[in-house]
Amino acid sequence: MTYRVTKAVFPVAGFGTRFLPATKSVPKEILPLVDRPLIQYAIDEARAAGIREFIFVTSRGKSALEDYFDSAPELETSLHEGNKGHLLDLLRQTDMDSGAVAYVRQQERRGLGHAVWCARRLIGDEPFAVILPDDVIDAEKPCLQQMVEAYAEVGGNMVATMEVPAQSVASYGILDVGSTSIGATMPVRAMVEKPRPEEAPSNMAVIGRYILSPNVLDNLEDMRVGAGGEIQLTDAISAEIAARGNVNAFRFRGRRFDCGSKSGFLQATVAFGLARDDLRDEFLAYLRSVTEVQEPASKLRAV
């Protein structure tokens, strides 16, 4: 029996140290990708998938993230009086229904599994999604919507996956998947958190989208420490494989950008900037001018 997925957990308690000094006072999740913060992309994806309850696992120093989803009556009045209707429409896209957003504090950062466990009382006894805002996925049909539609057919637990270079497997949870599949869905035989390349069962990596059963929360109760000295969500999902064999990988359609890294954030900025009709021509002309004025490698070596 499957259930409708209406709740999503957004773990946003991290320090964002890879973006210091900017994240000293600004939460990483509201850094702008073009002109929308990272968290807005995650919220829009969740809404498209039918999510109605949004649970943020936060920490100290994240008040700006909470304020982002609050109303701004003075700003709205100013835009209205200035006949800036297009900007007012953009602003209203950030509005959240009263009672739709909840915030839970993670008092100490003990890993992704611990962050999800902190939201257990708000999740209750129903399947839920987990979205990592660092992973921005550009897709014609939003990634989580793809997963929700597939989940209705198979139930259990589901993780998004994609192939990564062999030298990168130590940065991901890696899957051992079965040979049979239902569309883009494949059964998972095992999961390994951040294995060494020579020990990895494949190069199929878990990407920051999950649909999980409440059993995963039960598996997190023992607070077992895993890779990196943290409580890993991967371990709790692996326990479901052993106990029930009901974990599936979903190969999503779309381009994923790792906006938790500076390089990935820059790549996403270029891709999303070029996709905008109001920015493409001027931005593309600039990119071409930059590449054209660079000295050939042979000249640089001769200096």
# chains A, B, ... in the order shown; residues from 1 in each chain; ligands from 1
call {"tool": "residues_around", "arguments": {"residues": "Ala49 in chain A", "least_positions_apart": "4", "cutoff": "9 Å", "atoms": "only C-alpha atoms", "output": "list of chain:residue names"}}
result
A:Val5, A:Thr6, A:Asp44, A:Glu45, A:Pro142, A:Cys143, A:Leu144, A:Gln145, A:Gln146, A:Met147, A:Val148, A:Glu149
call {"tool": "write_last_selection", "arguments": {"atoms": "C-alpha atoms", "output": "compact mmCIF listing (two decimals), in the first residue's frame"}}
result
# COMPACT_ATOMS: atom_id res chain seq x y z
CA VAL A 5 3.65 12.25 -0.06
CA THR A 6 2.72 15.66 1.34
CA ASP A 44 9.38 25.29 -5.97
CA GLU A 45 10.38 21.70 -6.76
CA PRO A 142 10.99 18.62 -11.49
CA CYS A 143 12.99 15.77 -10.02
CA LEU A 144 10.84 15.21 -6.94
CA GLN A 145 7.71 15.19 -9.07
CA GLN A 146 9.26 12.44 -11.20
CA MET A 147 10.01 10.49 -8.03
CA VAL A 148 6.56 10.94 -6.48
CA GLU A 149 4.94 9.59 -9.64
call {"tool": "residues_around", "arguments": {"residues": "Gln106 in chain A", "least_positions_apart": "2", "cutoff": "12 Å", "atoms": "only C-alpha atoms", "output": "ChimeraX atom specification"}}
result
/A:10-14,56-62,103-104,108-120
call {"tool": "residues_around", "arguments": {"residues": "range 241-254 of chain A", "least_positions_apart": "5", "cutoff": "7 Å", "atoms": "only C-alpha atoms", "output": "list in words"}}
result
Ile137, Asp138, Ala139, Cys143, Met147, Gly156, Asn157, Met158, Val159, Ala160, Thr161, Met162, Ala184, Thr185, Met186, Pro187, Val188, Arg189 and Ala190 of chain A
call {"tool": "residues_around", "arguments": {"residues": "Gln167 in chain A", "least_positions_apart": "4", "cutoff": "10 Å", "atoms": "only C-alpha atoms", "output": "ChimeraX atom specification"}}
result
/A:171,196-198,203
call {"tool": "write_last_selection", "arguments": {"atoms": "N, CA, C and O atoms", "output": "compact mmCIF listing (two decimals), in the first residue's frame"}}
result
# COMPACT_ATOMS: atom_id res chain seq x y z
N SER A 171 32.92 10.72 -2.21
CA SER A 171 32.17 11.88 -1.73
C SER A 171 30.67 11.61 -1.63
O SER A 171 29.90 12.51 -1.26
N ARG A 196 35.90 3.96 -0.56
CA ARG A 196 37.09 4.17 -1.39
C ARG A 196 36.79 3.65 -2.79
O ARG A 196 36.04 2.67 -2.94
N PRO A 197 37.34 4.27 -3.83
CA PRO A 197 37.01 3.87 -5.21
C PRO A 197 37.17 2.37 -5.46
O PRO A 197 36.33 1.76 -6.14
N GLU A 198 38.21 1.78 -4.91
CA GLU A 198 38.45 0.35 -5.15
C GLU A 198 37.45 -0.55 -4.43
O GLU A 198 37.34 -1.75 -4.74
N ASN A 203 29.32 3.08 -9.61
CA ASN A 203 29.49 4.54 -9.58
C ASN A 203 28.14 5.25 -9.57
O ASN A 203 28.03 6.40 -9.95
call {"tool": "closest_residue", "arguments": {"among": "A:Leu233, A:Val225, A:Ala268, A:Leu31", "to": "Gly173 in chain A", "atoms": "only C-alpha atoms"}}
result
A:Leu233
call {"tool": "closest_residue", "arguments": {"among": "A:Arg209, A:Arg36, A:Arg92, A:Arg105", "to": "Phe272 in chain A", "atoms": "only C-alpha atoms"}}
result
A:Arg36
call {"tool": "select_by_dssp", "arguments": {"residues": "range 41-95 of chain A", "states": "alpha helix (DSSP H)", "output": "JSON, numbers by chain"}}
result
{"A": [41, 42, 43, 44, 45, 46, 47, 48, 63, 64, 65, 66, 67, 68, 73, 74, 75, 76, 77, 78, 79, 80, 81, 85, 86, 87, 88, 89, 90, 91, 92]}
call {"tool": "residues_around", "arguments": {"residues": "range 83-90 of chain A", "least_positions_apart": "3", "cutoff": "12 Å", "atoms": "only C-alpha atoms", "output": "list in words"}}
result
Asp35, Arg36, Gln40, Ala72, Pro73, Glu74, Leu75, Glu76, Thr77, Ser78, Leu79, His80, Gln93, Thr94 and Asp95 of chain A
call {"tool": "write_last_selection", "arguments": {"atoms": "N, CA, C and O atoms", "output": "JSON list (two decimals), in the first residue's frame"}}
result
[["chain", "number", "residue", "atom", "x", "y", "z"],
["A", 35, "ASP", "N", 18.91, 35.24, -9.48],
["A", 35, "ASP", "CA", 18.19, 36.18, -8.61],
["A", 35, "ASP", "C", 17.22, 35.49, -7.65],
["A", 35, "ASP", "O", 16.35, 36.12, -7.08],
["A", 36, "ARG", "N", 17.40, 34.18, -7.48],
["A", 36, "ARG", "CA", 16.57, 33.43, -6.53],
["A", 36, "ARG", "C", 17.49, 32.65, -5.60],
["A", 36, "ARG", "O", 18.47, 32.06, -6.04],
["A", 40, "GLN", "N", 14.75, 28.61, -2.63],
["A", 40, "GLN", "CA", 13.55, 28.82, -3.42],
["A", 40, "GLN", "C", 13.41, 27.77, -4.51],
["A", 40, "GLN", "O", 12.31, 27.31, -4.81],
["A", 72, "ALA", "N", 6.30, 40.55, 3.76],
["A", 72, "ALA", "CA", 7.03, 41.82, 3.77],
["A", 72, "ALA", "C", 6.06, 42.92, 3.37],
["A", 72, "ALA", "O", 6.11, 43.44, 2.24],
["A", 73, "PRO", "N", 5.15, 43.31, 4.26],
["A", 73, "PRO", "CA", 4.08, 44.26, 3.90],
["A", 73, "PRO", "C", 4.60, 45.62, 3.45],
["A", 73, "PRO", "O", 4.04, 46.21, 2.52],
["A", 74, "GLU", "N", 5.67, 46.12, 4.08],
["A", 74, "GLU", "CA", 6.19, 47.43, 3.67],
["A", 74, "GLU", "C", 6.72, 47.38, 2.25],
["A", 74, "GLU", "O", 6.48, 48.29, 1.43],
["A", 75, "LEU", "N", 7.45, 46.31, 1.93],
["A", 75, "LEU", "CA", 7.99, 46.17, 0.58],
["A", 75, "LEU", "C", 6.87, 46.01, -0.43],
["A", 75, "LEU", "O", 6.90, 46.61, -1.52],
["A", 76, "GLU", "N", 5.86, 45.21, -0.09],
["A", 76, "GLU", "CA", 4.74, 45.02, -1.01],
["A", 76, "GLU", "C", 4.01, 46.34, -1.27],
["A", 76, "GLU", "O", 3.65, 46.63, -2.41],
["A", 77, "THR", "N", 3.83, 47.12, -0.23],
["A", 77, "THR", "CA", 3.16, 48.42, -0.39],
["A", 77, "THR", "C", 3.98, 49.34, -1.29],
["A", 77, "THR", "O", 3.42, 50.03, -2.17],
["A", 78, "SER", "N", 5.28, 49.35, -1.09],
["A", 78, "SER", "CA", 6.15, 50.20, -1.91],
["A", 78, "SER", "C", 6.09, 49.79, -3.38],
["A", 78, "SER", "O", 6.01, 50.64, -4.27],
["A", 79, "LEU", "N", 6.12, 48.51, -3.65],
["A", 79, "LEU", "CA", 6.07, 48.04, -5.04],
["A", 79, "LEU", "C", 4.71, 48.35, -5.66],
["A", 79, "LEU", "O", 4.62, 48.73, -6.84],
["A", 80, "HIS", "N", 3.65, 48.19, -4.87],
["A", 80, "HIS", "CA", 2.31, 48.49, -5.38],
["A", 80, "HIS", "C", 2.17, 49.97, -5.71],
["A", 80, "HIS", "O", 1.67, 50.34, -6.79],
["A", 93, "GLN", "N", 5.66, 35.04, -5.07],
["A", 93, "GLN", "CA", 6.02, 33.64, -5.30],
["A", 93, "GLN", "C", 6.75, 33.04, -4.11],
["A", 93, "GLN", "O", 6.85, 31.81, -3.98],
["A", 94, "THR", "N", 7.29, 33.91, -3.24],
["A", 94, "THR", "CA", 7.99, 33.42, -2.07],
["A", 94, "THR", "C", 7.06, 33.21, -0.88],
["A", 94, "THR", "O", 7.49, 32.69, 0.15],
["A", 95, "ASP", "N", 5.81, 33.62, -1.01],
["A", 95, "ASP", "CA", 4.87, 33.51, 0.11],
["A", 95, "ASP", "C", 4.58, 32.04, 0.41],
["A", 95, "ASP", "O", 4.47, 31.20, -0.50]]
call {"tool": "atom_distance", "arguments": {"atom1": "CA of Val130 in chain A", "atom2": "CA of Ser213 in chain A"}}
result
11.0 Å
call {"tool": "closest_residue", "arguments": {"among": "A:Lys7, A:Lys194, A:Arg18, A:Lys141", "to": "Ala102 in chain A", "atoms": "only C-alpha atoms"}}
result
A:Lys7
call {"tool": "select_by_dssp", "arguments": {"residues": "range 123-169 of chain A", "states": "strand (DSSP E or B)", "output": "number ranges by chain"}}
result
A: 128-131, 135-138, 157-163
call {"tool": "atom_distance", "arguments": {"atom1": "CA of Ser238 in chain A", "atom2": "CA of Ala42 in chain A"}}
result
25.4 Å
call {"tool": "closest_residue", "arguments": {"among": "A:Phe15, A:Gly183, A:Ile207, A:Phe283", "to": "Val169 in chain A", "atoms": "only C-alpha atoms"}}
result
A:Ile207
